[in-house]
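Participant: Here it is: the structure, laid out below.
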Amino acid sequence: MEGLEVLVPEQKPTMPLPETMFCAQQIKIPPELPDILKQFTKAAIRTQPHDVLQWAAAYFSALSKGEPLPVKERIEIPSATGEIEGGLTPGLLKVLHKKLSPKGTITVTELKEKWKHLCLPEEQLKSILQLDNFGEEVEWMKILALGCSVLGGSLLSSMKHACEILTSEPEGGAAPIPFETFSFLYLYLASIDGEIPEDETEAFLHKIKEEAWTEKRKYMEGFWVKVQARRHHSPVIVTGKTDSTWRIQFHLLPIKSEQDNKK
């Protein structure tokens with residue numbers, strides 16, 4: 001009829017039908033997948049996550065973003081670490097350090113997120129944060145120090161854990177860290193402890209620093225003798241010790257000055 005309009009319903013685009021699979025040869029597997037799964041399996045065995053699904057999500061998320069993976073360097077035996085099942089361990093604290101230390105200062109929200117990725121108990125982190133008056137942001141090195149105090153129980157044992165986590169030396173040997181880092185962690189934990197007089201902590205650190213410089217001079221003398229001996233193809237004997245004995249042993253904690261790292 002004249003003047004009558006016909007409305008045609010709008011056609012919505014249809015989704016393409018999925019490809020029908022008739023045989024296994026149609027399934028395309030990326031060539032990188034076998035190695036990715038192999039590395040994931042090895043990482044899971046080393047880390048021993050309490051919640052595998054939660055940890056796996058964090059693992060592949062970090063892998064896709066190119067971030068440090070939530071993976072321990074080695075398997076930790078519970079009886080050796082003395083930690084409760086599912087709780088913080090030196091290996092997990094080191095994983096957190098690799099992830100968070102580059103930022104220096106982090107938000108509590110980010111800390112909780114990374115903590116959860118490692119399937120660690122929320123109550124344990126809450127207890128750590130209550131040891132100091134933190135706001136919405138925290139200094140990572142202070143969290144590291146408090147984590148070491150949870151692992152160690154005593155100030156000296158806490159510093160031992162800190163040195164082993166922070167050292168760049170291979171595991172199993174001496175664990176030297178810069179004196180300035182050692183001093184910061186020691187003073188902070190001593191202040192949290194509240195039972196060690198400030199003059200005693202200062203005197204202790206002054207003594208350690210003097211011993212470190214004394215041993216450094218011995219090391220440099222031994223190193224020069226070693227260089228000269230190599231030039232003349234003769235054996236090296238430095239006062240009956242190896243050239244690595246310059247490291248200060250403080251309850252199994254070797255210390256060296258920050259200036260050593262620049263030379």
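As shown in the structure tokens, the chain order sets the letters A, B, ...; within each chain, residues go from 1, and ligands are also counted from 1 in the order they appear.
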I'd like the contact shell of region 44-59 of chain A - 10 Å cut-off, only C-alpha atoms, skipping same-chain residues fewer than 4 positions apart - returned as a short mmCIF file (atom, residue, chain, number, x, y, z; two decimals) with all heavy atoms, in the first residue's frame.

Facilitator:
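Saved to around-v9.cif:
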```cif
data_model
loop_
_atom_site.label_atom_id
_atom_site.label_comp_id
_atom_site.auth_asym_id
_atom_site.auth_seq_id
_atom_site.Cartn_x
_atom_site.Cartn_y
_atom_site.Cartn_z
N LYS A 38 58.02 -28.27 30.49
CA LYS A 38 59.14 -28.91 31.19
C LYS A 38 59.70 -27.98 32.26
O LYS A 38 59.93 -28.40 33.40
CB LYS A 38 60.23 -29.30 30.19
CG LYS A 38 61.45 -29.94 30.84
CD LYS A 38 62.49 -30.28 29.78
CE LYS A 38 63.74 -30.90 30.43
NZ LYS A 38 64.77 -31.22 29.41
N GLN A 39 59.92 -26.71 31.90
CA GLN A 39 60.45 -25.74 32.86
C GLN A 39 59.45 -25.48 33.98
O GLN A 39 59.82 -25.31 35.15
CB GLN A 39 60.78 -24.43 32.14
CG GLN A 39 61.89 -24.54 31.11
CD GLN A 39 63.18 -25.08 31.69
OE1 GLN A 39 63.56 -24.77 32.82
NE2 GLN A 39 63.86 -25.94 30.92
N PHE A 40 58.16 -25.47 33.64
CA PHE A 40 57.12 -25.28 34.65
C PHE A 40 57.12 -26.43 35.66
O PHE A 40 57.01 -26.21 36.87
CB PHE A 40 55.75 -25.17 33.97
CG PHE A 40 54.59 -25.29 34.92
CD1 PHE A 40 54.24 -24.23 35.74
CD2 PHE A 40 53.86 -26.46 35.01
CE1 PHE A 40 53.17 -24.33 36.62
CE2 PHE A 40 52.79 -26.57 35.88
CZ PHE A 40 52.45 -25.50 36.69
N LEU A 63 55.48 -15.10 33.58
CA LEU A 63 56.17 -15.53 32.36
C LEU A 63 55.72 -14.70 31.15
O LEU A 63 56.53 -14.28 30.32
CB LEU A 63 55.90 -17.02 32.11
CG LEU A 63 56.62 -17.66 30.92
CD1 LEU A 63 58.13 -17.64 31.12
CD2 LEU A 63 56.12 -19.09 30.71
N SER A 64 54.43 -14.43 31.06
CA SER A 64 53.90 -13.67 29.92
C SER A 64 54.31 -12.21 29.97
O SER A 64 54.42 -11.54 28.93
CB SER A 64 52.37 -13.77 29.90
OG SER A 64 51.80 -13.15 31.04
N GLU A 67 58.37 -10.94 33.87
CA GLU A 67 58.73 -10.62 35.25
C GLU A 67 59.47 -11.79 35.89
O GLU A 67 59.40 -12.93 35.39
CB GLU A 67 57.48 -10.28 36.06
CG GLU A 67 56.71 -9.08 35.54
CD GLU A 67 55.43 -8.85 36.33
OE1 GLU A 67 55.09 -9.72 37.16
OE2 GLU A 67 54.78 -7.81 36.10
N PRO A 68 60.19 -11.56 37.01
CA PRO A 68 60.83 -12.67 37.72
C PRO A 68 59.79 -13.71 38.13
O PRO A 68 58.72 -13.38 38.63
CB PRO A 68 61.46 -12.00 38.95
CG PRO A 68 61.67 -10.58 38.53
CD PRO A 68 60.52 -10.25 37.62
N LEU A 69 60.12 -14.96 37.91
CA LEU A 69 59.17 -16.03 38.21
C LEU A 69 59.13 -16.35 39.70
O LEU A 69 60.16 -16.24 40.39
CB LEU A 69 59.55 -17.29 37.42
CG LEU A 69 59.57 -17.15 35.89
CD1 LEU A 69 60.07 -18.44 35.26
CD2 LEU A 69 58.20 -16.78 35.37
N PRO A 70 57.98 -16.77 40.22
CA PRO A 70 57.87 -17.13 41.64
C PRO A 70 58.42 -18.53 41.89
O PRO A 70 57.69 -19.45 42.26
CB PRO A 70 56.36 -17.06 41.89
CG PRO A 70 55.76 -17.43 40.57
CD PRO A 70 56.67 -16.86 39.53
N VAL A 71 59.71 -18.68 41.71
CA VAL A 71 60.34 -20.00 41.76
C VAL A 71 61.55 -19.98 42.69
O VAL A 71 62.39 -19.09 42.61
CB VAL A 71 60.79 -20.45 40.34
CG1 VAL A 71 61.43 -21.82 40.40
CG2 VAL A 71 59.62 -20.42 39.38
N LYS A 72 61.64 -20.97 43.56
CA LYS A 72 62.81 -21.11 44.42
C LYS A 72 64.02 -21.58 43.60
O LYS A 72 63.87 -22.20 42.54
CB LYS A 72 62.55 -22.15 45.52
CG LYS A 72 61.51 -21.77 46.55
CD LYS A 72 61.38 -22.89 47.57
CE LYS A 72 60.28 -22.63 48.57
NZ LYS A 72 60.16 -23.76 49.53
N GLU A 73 65.19 -21.31 44.13
CA GLU A 73 66.41 -21.77 43.46
C GLU A 73 66.65 -23.25 43.69
O GLU A 73 67.30 -23.91 42.90
CB GLU A 73 67.60 -20.95 43.97
CG GLU A 73 67.54 -19.48 43.57
CD GLU A 73 68.73 -18.71 44.06
OE1 GLU A 73 69.56 -19.29 44.82
OE2 GLU A 73 68.86 -17.52 43.70
N ARG A 74 66.12 -23.78 44.78
CA ARG A 74 66.32 -25.20 45.08
C ARG A 74 65.19 -25.66 46.00
O ARG A 74 64.46 -24.85 46.58
CB ARG A 74 67.67 -25.44 45.77
CG ARG A 74 67.82 -24.72 47.11
CD ARG A 74 69.11 -25.05 47.80
NE ARG A 74 69.26 -24.36 49.07
CZ ARG A 74 68.73 -24.76 50.21
NH1 ARG A 74 68.01 -25.87 50.24
NH2 ARG A 74 68.90 -24.08 51.33
N ILE A 75 65.08 -26.97 46.16
CA ILE A 75 64.09 -27.54 47.08
C ILE A 75 64.54 -27.31 48.52
O ILE A 75 65.71 -27.45 48.84
CB ILE A 75 63.91 -29.04 46.82
CG1 ILE A 75 63.36 -29.29 45.41
CG2 ILE A 75 62.97 -29.67 47.85
CD1 ILE A 75 63.22 -30.75 45.06
N GLU A 76 63.60 -26.94 49.36
CA GLU A 76 63.88 -26.77 50.79
C GLU A 76 63.22 -27.91 51.56
O GLU A 76 62.03 -28.19 51.39
CB GLU A 76 63.35 -25.43 51.29
CG GLU A 76 64.09 -24.24 50.74
CD GLU A 76 63.54 -22.94 51.28
OE1 GLU A 76 62.38 -22.62 50.97
OE2 GLU A 76 64.26 -22.22 51.99
N GLU A 85 54.51 -25.88 57.90
CA GLU A 85 54.10 -26.22 56.54
C GLU A 85 53.29 -25.07 55.94
O GLU A 85 52.35 -24.56 56.55
CB GLU A 85 53.26 -27.49 56.56
CG GLU A 85 52.84 -27.95 55.17
CD GLU A 85 52.02 -29.21 55.20
OE1 GLU A 85 51.81 -29.75 56.31
OE2 GLU A 85 51.58 -29.66 54.13
N GLY A 86 53.67 -24.66 54.74
CA GLY A 86 52.95 -23.59 54.06
C GLY A 86 53.37 -22.19 54.46
O GLY A 86 52.84 -21.22 53.92
N GLY A 87 54.31 -22.06 55.40
CA GLY A 87 54.72 -20.74 55.87
C GLY A 87 55.96 -20.22 55.16
O GLY A 87 56.48 -20.85 54.23
N GLY A 91 63.93 -19.60 51.15
CA GLY A 91 63.82 -19.63 49.69
C GLY A 91 62.70 -18.75 49.17
O GLY A 91 62.86 -18.04 48.17
N LEU A 92 61.54 -18.78 49.83
CA LEU A 92 60.42 -17.95 49.40
C LEU A 92 60.68 -16.48 49.66
O LEU A 92 60.28 -15.61 48.87
CB LEU A 92 59.15 -18.40 50.12
CG LEU A 92 58.62 -19.78 49.73
CD1 LEU A 92 57.42 -20.17 50.59
CD2 LEU A 92 58.24 -19.82 48.25
N VAL A 95 62.70 -15.25 46.87
CA VAL A 95 61.87 -15.03 45.68
C VAL A 95 61.20 -13.67 45.76
O VAL A 95 61.18 -12.90 44.79
CB VAL A 95 60.82 -16.14 45.54
CG1 VAL A 95 59.84 -15.81 44.42
CG2 VAL A 95 61.49 -17.48 45.25
N GLU A 113 49.71 -9.00 47.28
CA GLU A 113 49.50 -9.74 46.03
C GLU A 113 50.64 -10.73 45.77
O GLU A 113 50.39 -11.91 45.47
CB GLU A 113 49.38 -8.77 44.86
CG GLU A 113 49.18 -9.45 43.52
CD GLU A 113 49.20 -8.47 42.37
OE1 GLU A 113 49.50 -7.28 42.60
OE2 GLU A 113 48.92 -8.89 41.23
N LYS A 114 51.88 -10.27 45.91
CA LYS A 114 53.03 -11.15 45.68
C LYS A 114 53.09 -12.24 46.75
O LYS A 114 53.50 -13.37 46.48
CB LYS A 114 54.32 -10.33 45.68
CG LYS A 114 54.38 -9.24 44.63
CD LYS A 114 54.17 -9.79 43.22
CE LYS A 114 54.28 -8.69 42.18
NZ LYS A 114 53.97 -9.18 40.82
N LYS A 116 50.52 -13.57 48.20
CA LYS A 116 49.47 -14.54 47.86
C LYS A 116 49.91 -15.43 46.71
O LYS A 116 49.57 -16.61 46.66
CB LYS A 116 48.19 -13.80 47.49
CG LYS A 116 47.01 -14.72 47.20
CD LYS A 116 45.76 -13.91 46.89
CE LYS A 116 44.58 -14.83 46.59
NZ LYS A 116 43.36 -14.04 46.27
N HIS A 117 50.68 -14.86 45.76
CA HIS A 117 51.15 -15.65 44.62
C HIS A 117 52.01 -16.83 45.06
O HIS A 117 52.05 -17.86 44.38
CB HIS A 117 51.95 -14.76 43.67
CG HIS A 117 51.10 -13.82 42.89
ND1 HIS A 117 51.63 -12.82 42.09
CD2 HIS A 117 49.73 -13.71 42.78
CE1 HIS A 117 50.63 -12.15 41.53
NE2 HIS A 117 49.49 -12.67 41.93
N LEU A 118 52.69 -16.67 46.19
CA LEU A 118 53.53 -17.76 46.71
C LEU A 118 52.76 -18.66 47.68
O LEU A 118 53.37 -19.51 48.34
CB LEU A 118 54.76 -17.17 47.40
CG LEU A 118 55.76 -16.47 46.46
CD1 LEU A 118 56.88 -15.82 47.26
CD2 LEU A 118 56.33 -17.45 45.45
N CYS A 119 51.44 -18.43 47.75
CA CYS A 119 50.56 -19.28 48.58
C CYS A 119 50.95 -19.23 50.05
O CYS A 119 50.84 -20.24 50.78
CB CYS A 119 50.58 -20.72 48.08
SG CYS A 119 50.39 -20.90 46.30
N LEU A 120 51.42 -18.07 50.52
CA LEU A 120 51.81 -17.91 51.92
C LEU A 120 50.61 -17.46 52.75
O LEU A 120 49.72 -16.77 52.24
CB LEU A 120 52.94 -16.89 52.03
CG LEU A 120 54.28 -17.34 51.44
CD1 LEU A 120 55.26 -16.18 51.36
CD2 LEU A 120 54.88 -18.47 52.28
N PRO A 121 50.57 -17.81 54.03
CA PRO A 121 49.43 -17.46 54.88
C PRO A 121 49.29 -15.95 55.06
O PRO A 121 50.27 -15.25 55.34
CB PRO A 121 49.76 -18.13 56.21
CG PRO A 121 50.80 -19.15 55.90
CD PRO A 121 51.57 -18.62 54.74
#
```

Participant: Within 12 Å of Asn133 (chain A), counting only C-alpha atoms, which residues show up once you throw out same-chain ones fewer than 6 positions away? Write them as a list in words, please.

Facilitator: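 My reading of the contact set: Ser127, Glu139, Lys142, Ile143 and Ile192 of chain A.
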
Participant: For CA of Glu202 (chain A) and CA of Ala190 (chain A), quote the distance in Å rounded to one decimal.

Facilitator: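 These atoms are spaced 10.5 Å apart.
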
Participant: Restrict the calculation to only C-alpha atoms, then for each residue of region 37-121 of chain A with any atom at most 9 Å from an atom of region 152-166 of chain A give the closest atom pair and their distance in Å to one decimal, rows by chain and rising residue number, as a tab-separated table.

Facilitator:
```
residue	atom	partner	partner_atom	distance
A:Pro90	CA	A:His161	CA	7.0
A:Gly91	CA	A:Ile165	CA	8.0
A:Leu93	CA	A:Ile165	CA	7.8
A:Lys94	CA	A:Ile165	CA	5.6
A:His97	CA	A:Ile165	CA	8.2
```

Participant: Keeping only N, CA and C atoms, take the residues you just selected and write them out as a PDB file, in the first residue's frame.

Facilitator:
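And here's part.pdb as it stands now:
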```pdb
ATOM      1  N   PRO A  90      63.307 -19.342  53.891  1.00  0.00           N
ATOM      2  CA  PRO A  90      64.354 -18.511  53.287  1.00  0.00           C
ATOM      3  C   PRO A  90      64.258 -18.460  51.764  1.00  0.00           C
ATOM      4  N   GLY A  91      63.933 -19.598  51.146  1.00  0.00           N
ATOM      5  CA  GLY A  91      63.823 -19.630  49.695  1.00  0.00           C
ATOM      6  C   GLY A  91      62.698 -18.751  49.166  1.00  0.00           C
ATOM      7  N   LEU A  93      61.357 -16.168  50.762  1.00  0.00           N
ATOM      8  CA  LEU A  93      61.708 -14.773  51.051  1.00  0.00           C
ATOM      9  C   LEU A  93      62.677 -14.240  49.996  1.00  0.00           C
ATOM     10  N   LYS A  94      63.557 -15.097  49.515  1.00  0.00           N
ATOM     11  CA  LYS A  94      64.484 -14.696  48.451  1.00  0.00           C
ATOM     12  C   LYS A  94      63.735 -14.453  47.143  1.00  0.00           C
ATOM     13  N   HIS A  97      62.244 -11.129  47.432  1.00  0.00           N
ATOM     14  CA  HIS A  97      63.282 -10.096  47.305  1.00  0.00           C
ATOM     15  C   HIS A  97      63.597  -9.817  45.836  1.00  0.00           C
TER      16      HIS A  97
END
```

Participant: Quick one: distance from CA of Leu205 (chain A) to CA of Phe179 (chain A) in Å, one decimal?

Facilitator: 9.0 Å

Participant: Using only C-alpha atoms, which residues sit within 8 Å of Ser101 (chain A) once same-chain residues fewer than 5 positions away are excluded, as a list of chain:residue names?

Facilitator: A:Leu96, A:Trp140, A:Met141

Participant: Fewer than 2 positions away in the same chain doesn't count, so skip those; otherwise give me all residues within 10 Å of Leu129 (chain A), counting only C-alpha atoms, as a PDB file with N, CA and C atoms, in the first residue's frame.

Facilitator:
```
ATOM      1  N   VAL A 108      51.432  -1.739  50.249  1.00  0.00           N
ATOM      2  CA  VAL A 108      51.030  -2.924  51.004  1.00  0.00           C
ATOM      3  C   VAL A 108      50.167  -3.828  50.132  1.00  0.00           C
ATOM      4  N   GLU A 123      47.775 -14.440  57.452  1.00  0.00           N
ATOM      5  CA  GLU A 123      47.961 -14.089  58.860  1.00  0.00           C
ATOM      6  C   GLU A 123      49.438 -13.860  59.195  1.00  0.00           C
ATOM      7  N   GLN A 124      50.325 -14.603  58.519  1.00  0.00           N
ATOM      8  CA  GLN A 124      51.748 -14.425  58.779  1.00  0.00           C
ATOM      9  C   GLN A 124      52.224 -13.051  58.302  1.00  0.00           C
ATOM     10  N   LEU A 125      51.748 -12.618  57.144  1.00  0.00           N
ATOM     11  CA  LEU A 125      52.105 -11.285  56.658  1.00  0.00           C
ATOM     12  C   LEU A 125      51.514 -10.207  57.568  1.00  0.00           C
ATOM     13  N   LYS A 126      50.304 -10.421  58.017  1.00  0.00           N
ATOM     14  CA  LYS A 126      49.671  -9.473  58.919  1.00  0.00           C
ATOM     15  C   LYS A 126      50.483  -9.311  60.197  1.00  0.00           C
ATOM     16  N   SER A 127      51.005 -10.424  60.706  1.00  0.00           N
ATOM     17  CA  SER A 127      51.827 -10.368  61.923  1.00  0.00           C
ATOM     18  C   SER A 127      53.127  -9.613  61.676  1.00  0.00           C
ATOM     19  N   LEU A 131      54.627  -5.506  63.285  1.00  0.00           N
ATOM     20  CA  LEU A 131      55.852  -5.298  64.050  1.00  0.00           C
ATOM     21  C   LEU A 131      56.362  -3.867  63.958  1.00  0.00           C
ATOM     22  N   ASP A 132      55.866  -3.097  62.984  1.00  0.00           N
ATOM     23  CA  ASP A 132      56.276  -1.708  62.822  1.00  0.00           C
ATOM     24  C   ASP A 132      55.056  -0.887  62.414  1.00  0.00           C
ATOM     25  N   ASN A 133      55.187   0.420  62.487  1.00  0.00           N
ATOM     26  CA  ASN A 133      54.073   1.302  62.134  1.00  0.00           C
ATOM     27  C   ASN A 133      54.130   1.646  60.649  1.00  0.00           C
ATOM     28  N   PHE A 134      53.662   0.731  59.810  1.00  0.00           N
ATOM     29  CA  PHE A 134      53.667   0.943  58.374  1.00  0.00           C
ATOM     30  C   PHE A 134      52.377   1.619  57.930  1.00  0.00           C
ATOM     31  N   GLY A 135      52.485   2.412  56.865  1.00  0.00           N
ATOM     32  CA  GLY A 135      51.312   3.022  56.260  1.00  0.00           C
ATOM     33  C   GLY A 135      50.893   2.233  55.040  1.00  0.00           C
ATOM     34  N   VAL A 138      55.494   0.652  52.080  1.00  0.00           N
ATOM     35  CA  VAL A 138      56.512   0.085  52.972  1.00  0.00           C
ATOM     36  C   VAL A 138      57.852   0.045  52.242  1.00  0.00           C
ATOM     37  N   LYS A 142      63.016  -3.219  54.893  1.00  0.00           N
ATOM     38  CA  LYS A 142      62.509  -3.394  56.263  1.00  0.00           C
ATOM     39  C   LYS A 142      61.629  -4.651  56.345  1.00  0.00           C
ATOM     40  N   ILE A 143      60.837  -4.879  55.309  1.00  0.00           N
ATOM     41  CA  ILE A 143      60.023  -6.102  55.284  1.00  0.00           C
ATOM     42  C   ILE A 143      60.931  -7.321  55.226  1.00  0.00           C
ATOM     43  N   LEU A 146      62.313  -7.938  58.685  1.00  0.00           N
ATOM     44  CA  LEU A 146      61.299  -8.523  59.571  1.00  0.00           C
ATOM     45  C   LEU A 146      61.009  -9.972  59.193  1.00  0.00           C
ATOM     46  N   GLY A 147      61.038 -10.258  57.900  1.00  0.00           N
ATOM     47  CA  GLY A 147      60.870 -11.641  57.470  1.00  0.00           C
ATOM     48  C   GLY A 147      61.992 -12.521  57.983  1.00  0.00           C
TER      49      GLY A 147
END
```

Participant: Can you check which residues of region 60-157 of chain A DSSP gives as strand (DSSP E) on the backbone and send them as a list in words?

Facilitator: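 Assigned to strand (DSSP E), within region 60-157 of chain A: Thr105, Ile106, Thr107, Glu137, Val138 and Glu139 of chain A.
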
Participant: Could the residues in this selection be written to a file with C-alpha atoms, as a PDB file, in the first residue's frame?

Facilitator:
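So again12.pdb came out as:
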```pdb
ATOM      1  CA  THR A 105      59.331   1.192  48.213  1.00  0.00           C
ATOM      2  CA  ILE A 106      56.154  -0.765  47.499  1.00  0.00           C
ATOM      3  CA  THR A 107      52.499  -0.570  48.443  1.00  0.00           C
ATOM      4  CA  GLU A 137      53.603   2.043  51.511  1.00  0.00           C
ATOM      5  CA  VAL A 138      56.512   0.085  52.972  1.00  0.00           C
ATOM      6  CA  GLU A 139      60.259  -0.007  52.450  1.00  0.00           C
TER       7      GLU A 139
END
```

Participant: Can you work out the spacing between CA of Thr41 (chain A) and CA of Gln26 (chain A) in Å, to one decimal?

Facilitator: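 Pair CA of Thr41 (chain A) / CA of Gln26 (chain A) returns 26.5 Å.
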